[in-house]
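Data block for entry.pdb (PDB, C-alpha atoms):
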```pdb
ATOM      1  CA  MET N1330       4.726  12.235 -22.247
ATOM      2  CA  GLY N1331       5.426   8.952 -24.020
ATOM      3  CA  ARG N1332       6.029   5.630 -22.399
ATOM      4  CA  TYR N1333       9.277   4.973 -20.565
ATOM      5  CA  LEU N1334      11.855   3.147 -22.713
ATOM      6  CA  GLY N1335      14.807   3.142 -20.327
ATOM      7  CA  PRO N1336      16.081   0.352 -18.039
ATOM      8  CA  VAL N1337      13.175  -0.855 -15.909
ATOM      9  CA  CYS N1338      15.495  -1.980 -13.109
ATOM     10  CA  ARG N1339      15.684   1.700 -12.181
ATOM     11  CA  HIS N1340      12.021   1.494 -11.172
ATOM     12  CA  CYS N1341      12.706  -1.301  -8.689
ATOM     13  CA  ARG N1342      15.686   0.594  -7.276
ATOM     14  CA  ARG N1343      13.634   3.763  -6.940
ATOM     15  CA  GLU N1344      10.833   2.000  -5.070
ATOM     16  CA  GLY N1345      13.268  -0.041  -2.972
ATOM     17  CA  GLU N1346      11.797  -3.461  -3.770
ATOM     18  CA  LYS N1347      11.389  -5.983  -6.559
ATOM     19  CA  LEU N1348       8.502  -5.178  -8.902
ATOM     20  CA  PHE N1349       9.208  -8.228 -11.106
ATOM     21  CA  LEU N1350       9.328  -6.180 -14.292
ATOM     22  CA  LYS N1351      11.883  -8.395 -16.094
ATOM     23  CA  SER N1352      10.441 -11.860 -15.397
ATOM     24  CA  LYS N1353      13.227 -14.446 -15.003
ATOM     25  CA  ARG N1354      15.980 -11.878 -14.429
ATOM     26  CA  CYS N1355      14.193 -10.732 -11.264
ATOM     27  CA  LEU N1356      14.610 -14.251  -9.852
ATOM     28  CA  SER N1357      18.287 -14.526 -10.770
ATOM     29  CA  PRO N1358      21.450 -13.183  -9.078
ATOM     30  CA  LYS N1359      21.585 -10.555 -11.847
ATOM     31  CA  CYS N1360      18.610  -8.699 -10.349
ATOM     32  CA  ALA N1361      19.563  -5.154  -9.379
ATOM     33  CA  MET N1362      17.884  -5.624  -5.994
ATOM     34  CA  GLU N1363      20.095  -8.549  -4.983
ATOM     35  CA  GLU N1364      22.499  -7.931  -2.134
ATOM     36  CA  GLY N1365      25.832  -6.611  -3.321
ATOM     37  CA  ARG N1366      24.510  -5.144  -6.591
ATOM     38  CA  HIS N1367      23.943  -1.562  -5.374
ATOM     39  CA  PRO N1368      20.135  -1.578  -5.068
ATOM     40  CA  ASP N1369      20.234   2.046  -3.888
ATOM     41  CA  PRO N1370      17.966   4.603  -5.648
ATOM     42  CA  PRO N1371      19.227   5.886  -9.019
ATOM     43  CA  GLY N1372      20.412   9.436  -9.491
ATOM     44  CA  PRO N1373      22.728  11.718  -7.499
ATOM     45  CA  LYS N1374      23.502  10.585  -3.954
ATOM     46  CA  HIS N1375      22.611  12.979  -1.146
ATOM     47  CA  PHE N1376      24.327  12.232   2.121
ATOM     48  CA  GLY N1377      22.731  15.038   4.062
ATOM     49  CA  ARG N1378      19.637  14.850   6.191
ATOM     50  CA  SER N1379      16.409  14.698   4.224
ATOM     51  CA  SER N1380      12.863  14.956   5.491
ATOM     52  CA  VAL N1381      10.072  12.764   4.142
ATOM     53  CA  SER N1382       6.742  14.554   3.741
ATOM     54  CA  ASP N1383       3.313  12.930   3.610
ATOM     55  CA  TYR N1384       3.074  14.019  -0.023
ATOM     56  CA  LYS N1385       6.311  12.210  -0.912
ATOM     57  CA  VAL N1386       5.162   8.997   0.797
ATOM     58  CA  GLN N1387       1.817   9.115  -1.039
ATOM     59  CA  LEU N1388       3.490   9.908  -4.368
ATOM     60  CA  ARG N1389       5.939   7.019  -4.053
ATOM     61  CA  GLU N1390       3.091   4.622  -3.288
ATOM     62  CA  LYS N1391       1.165   5.783  -6.352
ATOM     63  CA  GLN N1392       4.252   5.509  -8.556
ATOM     64  CA  LYS N1393       4.942   2.016  -7.238
ATOM     65  CA  ALA N1394       1.431   0.860  -8.187
ATOM     66  CA  LYS N1395       1.701   2.412 -11.661
ATOM     67  CA  ARG N1396       5.020   0.742 -12.322
ATOM     68  CA  LEU N1397       3.893  -2.576 -10.892
ATOM     69  CA  TYR N1398       0.958  -2.792 -13.329
ATOM     70  CA  LYS N1399       2.799  -0.883 -16.107
ATOM     71  CA  ILE N1400       0.088   1.735 -16.579
ATOM     72  CA  ALA N1401       0.443   5.385 -17.631
ATOM     73  CA  GLU N1402      -0.663   8.193 -15.330
ATOM     74  CA  LYS N1403      -3.830   9.158 -17.186
ATOM     75  CA  GLN N1404      -5.060   5.586 -17.424
ATOM     76  CA  PHE N1405      -4.220   4.942 -13.767
ATOM     77  CA  TYR N1406      -6.196   8.018 -12.714
ATOM     78  CA  ASN N1407      -9.135   6.854 -14.833
ATOM     79  CA  TYR N1408      -9.135   3.584 -12.888
ATOM     80  CA  TYR N1409      -9.094   5.576  -9.657
ATOM     81  CA  GLU N1410     -12.123   7.603 -10.740
ATOM     82  CA  MET N1411     -13.915   4.417 -11.766
ATOM     83  CA  ALA N1412     -13.160   2.896  -8.356
ATOM     84  CA  ALA N1413     -14.336   6.034  -6.548
ATOM     85  CA  ARG N1414     -17.767   5.716  -8.198
ATOM     86  CA  GLN N1415     -18.220   2.149  -6.941
ATOM     87  CA  LYS N1416     -19.591   1.160  -3.558
ATOM     88  CA  GLY N1417     -17.016   0.022  -1.048
ATOM     89  CA  ILE N1418     -13.445   0.994  -0.164
ATOM     90  CA  THR N1419     -12.002   3.004  -3.046
ATOM     91  CA  GLY N1420      -8.449   1.674  -2.667
ATOM     92  CA  ASP N1421      -9.602  -1.934  -2.689
ATOM     93  CA  LYS N1422     -11.833  -1.335  -5.709
ATOM     94  CA  LEU N1423      -8.908   0.284  -7.546
ATOM     95  CA  PHE N1424      -6.702  -2.779  -7.236
ATOM     96  CA  GLN N1425      -9.559  -5.123  -8.049
ATOM     97  CA  LEU N1426     -10.012  -3.255 -11.333
ATOM     98  CA  LEU N1427      -6.288  -3.503 -12.056
ATOM     99  CA  GLU N1428      -6.313  -7.235 -11.324
ATOM    100  CA  ARG N1429      -9.165  -7.728 -13.787
ATOM    101  CA  ARG N1430      -7.141  -6.406 -16.737
ATOM    102  CA  LEU N1431      -6.627  -9.125 -19.329
ATOM    103  CA  ASP N1432      -2.856  -8.643 -19.500
ATOM    104  CA  ASN N1433      -2.654  -8.980 -15.722
ATOM    105  CA  VAL N1434      -4.831 -12.123 -15.715
ATOM    106  CA  VAL N1435      -2.585 -13.715 -18.382
ATOM    107  CA  TYR N1436       0.396 -12.904 -16.148
ATOM    108  CA  ARG N1437      -1.305 -14.281 -13.022
ATOM    109  CA  LEU N1438      -2.134 -17.489 -14.885
ATOM    110  CA  GLY N1439       1.580 -17.966 -15.530
ATOM    111  CA  ILE N1440       1.205 -17.864 -19.313
ATOM    112  CA  GLY N1441       3.025 -14.539 -19.601
ATOM    113  CA  LEU N1442       6.512 -14.120 -18.131
ATOM    114  CA  SER N1443       5.749 -10.582 -16.941
ATOM    115  CA  ARG N1444       2.976  -8.034 -17.317
ATOM    116  CA  VAL N1445       4.852  -6.430 -20.215
ATOM    117  CA  HIS N1446       5.240  -9.785 -21.953
ATOM    118  CA  SER N1447       1.578 -10.618 -21.294
ATOM    119  CA  ARG N1448       0.523  -7.285 -22.753
ATOM    120  CA  GLN N1449       2.494  -8.024 -25.908
ATOM    121  CA  LEU N1450       0.870 -11.448 -26.271
ATOM    122  CA  VAL N1451      -2.614  -9.976 -25.836
ATOM    123  CA  SER N1452      -1.933  -7.087 -28.240
ATOM    124  CA  HIS N1453      -0.756  -9.548 -30.905
ATOM    125  CA  GLY N1454      -4.075 -11.371 -30.742
ATOM    126  CA  HIS N1455      -2.973 -14.592 -29.049
ATOM    127  CA  PHE N1456      -6.001 -14.926 -26.751
ATOM    128  CA  MET N1457      -9.721 -15.473 -26.763
ATOM    129  CA  VAL N1458     -12.103 -14.700 -23.909
ATOM    130  CA  ASN N1459     -15.159 -16.948 -23.845
ATOM    131  CA  GLY N1460     -14.409 -17.969 -27.439
ATOM    132  CA  ARG N1461     -14.115 -14.393 -28.716
ATOM    133  CA  ARG N1462     -10.812 -12.876 -29.858
ATOM    134  CA  VAL N1463      -9.709 -10.008 -27.618
ATOM    135  CA  ASN N1464      -6.565  -7.977 -28.276
ATOM    136  CA  LEU N1465      -7.099  -5.174 -25.725
ATOM    137  CA  PRO N1466      -4.784  -5.533 -22.697
ATOM    138  CA  SER N1467      -7.140  -3.286 -20.687
ATOM    139  CA  TYR N1468     -10.153  -5.556 -21.257
ATOM    140  CA  LEU N1469     -11.770  -6.191 -17.864
ATOM    141  CA  VAL N1470     -12.308  -9.880 -17.215
ATOM    142  CA  LYS N1471     -15.366 -10.991 -15.220
ATOM    143  CA  PRO N1472     -15.698 -13.935 -12.803
ATOM    144  CA  GLY N1473     -16.293 -17.123 -14.761
ATOM    145  CA  ASP N1474     -14.591 -15.874 -17.940
ATOM    146  CA  VAL N1475     -12.390 -18.423 -19.734
ATOM    147  CA  ILE N1476      -9.153 -17.184 -21.305
ATOM    148  CA  GLN N1477      -7.672 -19.428 -23.984
ATOM    149  CA  VAL N1478      -4.783 -19.306 -26.452
ATOM    150  CA  LYS N1479      -5.963 -19.313 -30.064
ATOM    151  CA  ASP N1480      -5.506 -22.615 -31.919
ATOM    152  CA  GLU N1481      -3.232 -21.172 -34.596
ATOM    153  CA  LYS N1482      -0.836 -19.773 -31.958
ATOM    154  CA  ARG N1483      -0.359 -23.054 -30.088
ATOM    155  CA  LYS N1484       2.335 -24.315 -32.448
ATOM    156  CA  LYS N1485       4.828 -21.750 -31.174
ATOM    157  CA  PRO N1486       7.707 -23.277 -29.136
ATOM    158  CA  TYR N1487       6.942 -20.938 -26.237
ATOM    159  CA  TYR N1488       3.476 -22.407 -25.744
ATOM    160  CA  ARG N1489       4.812 -25.954 -25.934
ATOM    161  CA  GLU N1490       6.840 -25.165 -22.838
ATOM    162  CA  ILE N1491       3.697 -23.837 -21.114
ATOM    163  CA  MET N1492       1.814 -27.047 -21.964
ATOM    164  CA  ALA N1493       4.462 -29.071 -20.111
ATOM    165  CA  MET N1494       3.801 -27.203 -16.862
ATOM    166  CA  SER N1495       1.801 -28.662 -13.979
ATOM    167  CA  ASN N1496      -1.515 -26.962 -13.194
ATOM    168  CA  GLU N1497      -0.419 -26.696  -9.555
ATOM    169  CA  GLU N1498       2.164 -24.109 -10.643
ATOM    170  CA  CYS N1499      -0.645 -21.547 -10.894
ATOM    171  CA  ARG N1500      -0.120 -19.837  -7.533
ATOM    172  CA  TYR N1501      -3.125 -17.535  -7.231
ATOM    173  CA  PRO N1502      -6.487 -18.719  -5.873
ATOM    174  CA  TRP N1503      -8.628 -16.347  -7.951
ATOM    175  CA  VAL N1504      -7.466 -17.939 -11.213
ATOM    176  CA  SER N1505      -7.156 -21.586 -12.228
ATOM    177  CA  ALA N1506      -5.031 -22.870 -15.093
ATOM    178  CA  ASP N1507      -5.301 -25.771 -17.501
ATOM    179  CA  TYR N1508      -1.881 -25.601 -19.118
ATOM    180  CA  GLN N1509      -2.321 -28.732 -21.217
ATOM    181  CA  ASN N1510      -5.190 -27.017 -23.045
ATOM    182  CA  LEU N1511      -3.622 -23.538 -22.770
ATOM    183  CA  ARG N1512      -6.595 -22.053 -20.998
ATOM    184  CA  GLY N1513      -7.438 -20.518 -17.671
ATOM    185  CA  THR N1514     -10.484 -19.357 -15.720
ATOM    186  CA  PHE N1515     -10.932 -16.164 -13.742
ATOM    187  CA  ASN N1516     -12.674 -17.595 -10.682
ATOM    188  CA  HIS N1517     -13.408 -14.513  -8.616
ATOM    189  CA  ILE N1518     -12.336 -10.938  -7.979
ATOM    190  CA  PRO N1519      -9.478 -11.123  -5.451
ATOM    191  CA  GLU N1520      -9.571  -9.564  -2.016
ATOM    192  CA  MET N1521      -6.714  -7.300  -0.939
ATOM    193  CA  SER N1522      -5.518  -9.974   1.491
ATOM    194  CA  GLU N1523      -4.916 -12.330  -1.462
ATOM    195  CA  LEU N1524      -2.616  -9.975  -3.374
ATOM    196  CA  ASP N1525       1.138 -10.393  -3.053
ATOM    197  CA  HIS N1526       2.377  -6.796  -3.333
ATOM    198  CA  THR N1527       3.125  -4.282  -0.589
ATOM    199  CA  VAL N1528       1.327  -1.242  -2.043
ATOM    200  CA  ARG N1529      -0.875   0.580   0.468
ATOM    201  CA  PRO N1530      -4.074   1.639  -1.358
ATOM    202  CA  SER N1531      -5.099   4.150   1.310
ATOM    203  CA  LEU N1532      -2.058   6.322   0.511
ATOM    204  CA  ILE N1533      -3.013   6.427  -3.177
ATOM    205  CA  VAL N1534      -6.535   7.520  -2.273
ATOM    206  CA  GLU N1535      -5.074  10.225  -0.021
ATOM    207  CA  PHE N1536      -2.801  11.385  -2.847
ATOM    208  CA  TYR N1537      -5.680  11.868  -5.291
ATOM    209  CA  SER N1538      -7.969  13.324  -2.615
ATOM    210  CA  ARG N1539      -5.681  16.267  -1.787
TER     211      ARG N1539
END
```
Mind converting the file's structure to structure tokens?
Amino acid sequence: MGRYLGPVCRHCRREGEKLFLKSKRCLSPKCAMEEGRHPDPPGPKHFGRSSVSDYKVQLREKQKAKRLYKIAEKQFYNYYEMAARQKGITGDKLFQLLERRLDNVVYRLGIGLSRVHSRQLVSHGHFMVNGRRVNLPSYLVKPGDVIQVKDEKRKKPYYREIMAMSNEECRYPWVSADYQNLRGTFNHIPEMSELDHTVRPSLIVEFYSR
């Protein structure tokens, strides 16, 4: 199955919370999840009584994580298998791997408006990691790595707006930004307590361990 090309606001409505898939729109009154804009799940409405199985709860949690990080099923499962081979709590290791993706780090630094936008910037060769050009959104960043916009891309009006930002606008402790020089540093691998989403990793592990 190919990638989803429909309205991404349906994903937020399906999961019942904002996934911040459309950057600035998610912070505006136009967001589908705002009160009064029918943030109910898409599809036919069933007014009867419905039971919620453990499988459904686990599936919804897995789907929420996939949509949050904008990753296809096969690639998401590969990350799960990679996490399962590491020492420690599998669910925590899974999200630490996802947070290390270059497109996610660009988003966390505040250089990309959303993960989709960050992925496009990375794919178009806008960034270097430790002085080396990297155009793979799935590249796993390591602690101490420096991510920087290439010199020839800095003339774009979009990056001029980034350069006017204050470094204090970088909200996440595991990354630090130097917007004036269009660079950032991945300080450390984040703990689950530092992440700002509501996904429960244990349910995803239970889903794949059936």
Query raised in the report: With only C-alpha atoms as the atoms that count, which of N:Ala1412, N:Tyr1384, N:Glu1402, N:Asp1480 lies nearest to Arg1539 of chain N?
Result: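 Under the stated criterion, the closest residue is N:Tyr1384.
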Taking only C-alpha atoms into account, produce a table as a tab-separated table in which each residue of segment 1387-1480 of chain N with an atom at most 8 Å from an atom of segment 1531-1538 of chain N appears once, together with its shortest atom pair and the distance in Å to one decimal, ordered by chain and rising number.
```
residue	atom	partner	partner_atom	distance
N:Gln1387	CA	N:Leu1532	CA	5.0
N:Leu1388	CA	N:Phe1536	CA	6.6
N:Glu1390	CA	N:Ile1533	CA	6.4
N:Lys1391	CA	N:Ile1533	CA	5.3
N:Thr1419	CA	N:Val1534	CA	7.1
N:Gly1420	CA	N:Ser1531	CA	5.8
```
Query raised in the report: In Å, with one decimal, what is the gap from atom CA of His1526 of chain N to atom CA of Lys1395 of chain N?
Result: 12.4 Å
Report task. Specify as a ChimeraX atom specification each residue included when the PyMOL selection byres ((chain N and resi 1437) around 12) is applied to this file. Result -> /N:1398,1427-1436,1438-1444,1446-1447,1476,1498-1506,1513-1515,1519,1524-1525
Requested in this report: Name the residues in contact with Asn1407 of chain N at a cut-off of 12 Å, using all atoms listed in the file, excluding same-chain residues fewer than 3 positions from it; report them as a ChimeraX atom specification.
Outcome: /N:1400-1404,1410-1414,1423,1426-1427,1467,1537
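Atom CA of Gln1425 of chain N is positioned 14.3 Å from atom CA of Tyr1406 of chain N.
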Report summary line: Between atom CA of Phe1405 of chain N and atom CA of Arg1512 of chain N lies a distance of 28.0 Å
Requested in this report: Excluding Gln1509 of chain N and any residue of its chain fewer than 5 positions from it, enumerate the residues within 10 Å of it, using all atoms listed in the file, and give them as a list in words.
Outcome: Tyr1488, Arg1489, Glu1490, Ile1491, Met1492, Ala1493, Met1494, Ser1495 and Asn1496 of chain N
**Report entry** Ground truth for the PyMOL selection byres ((chain N and resi 1465) around 12), written as number ranges by chain
**Finding:** N: 1430-1433, 1447-1458, 1461-1464, 1466-1470
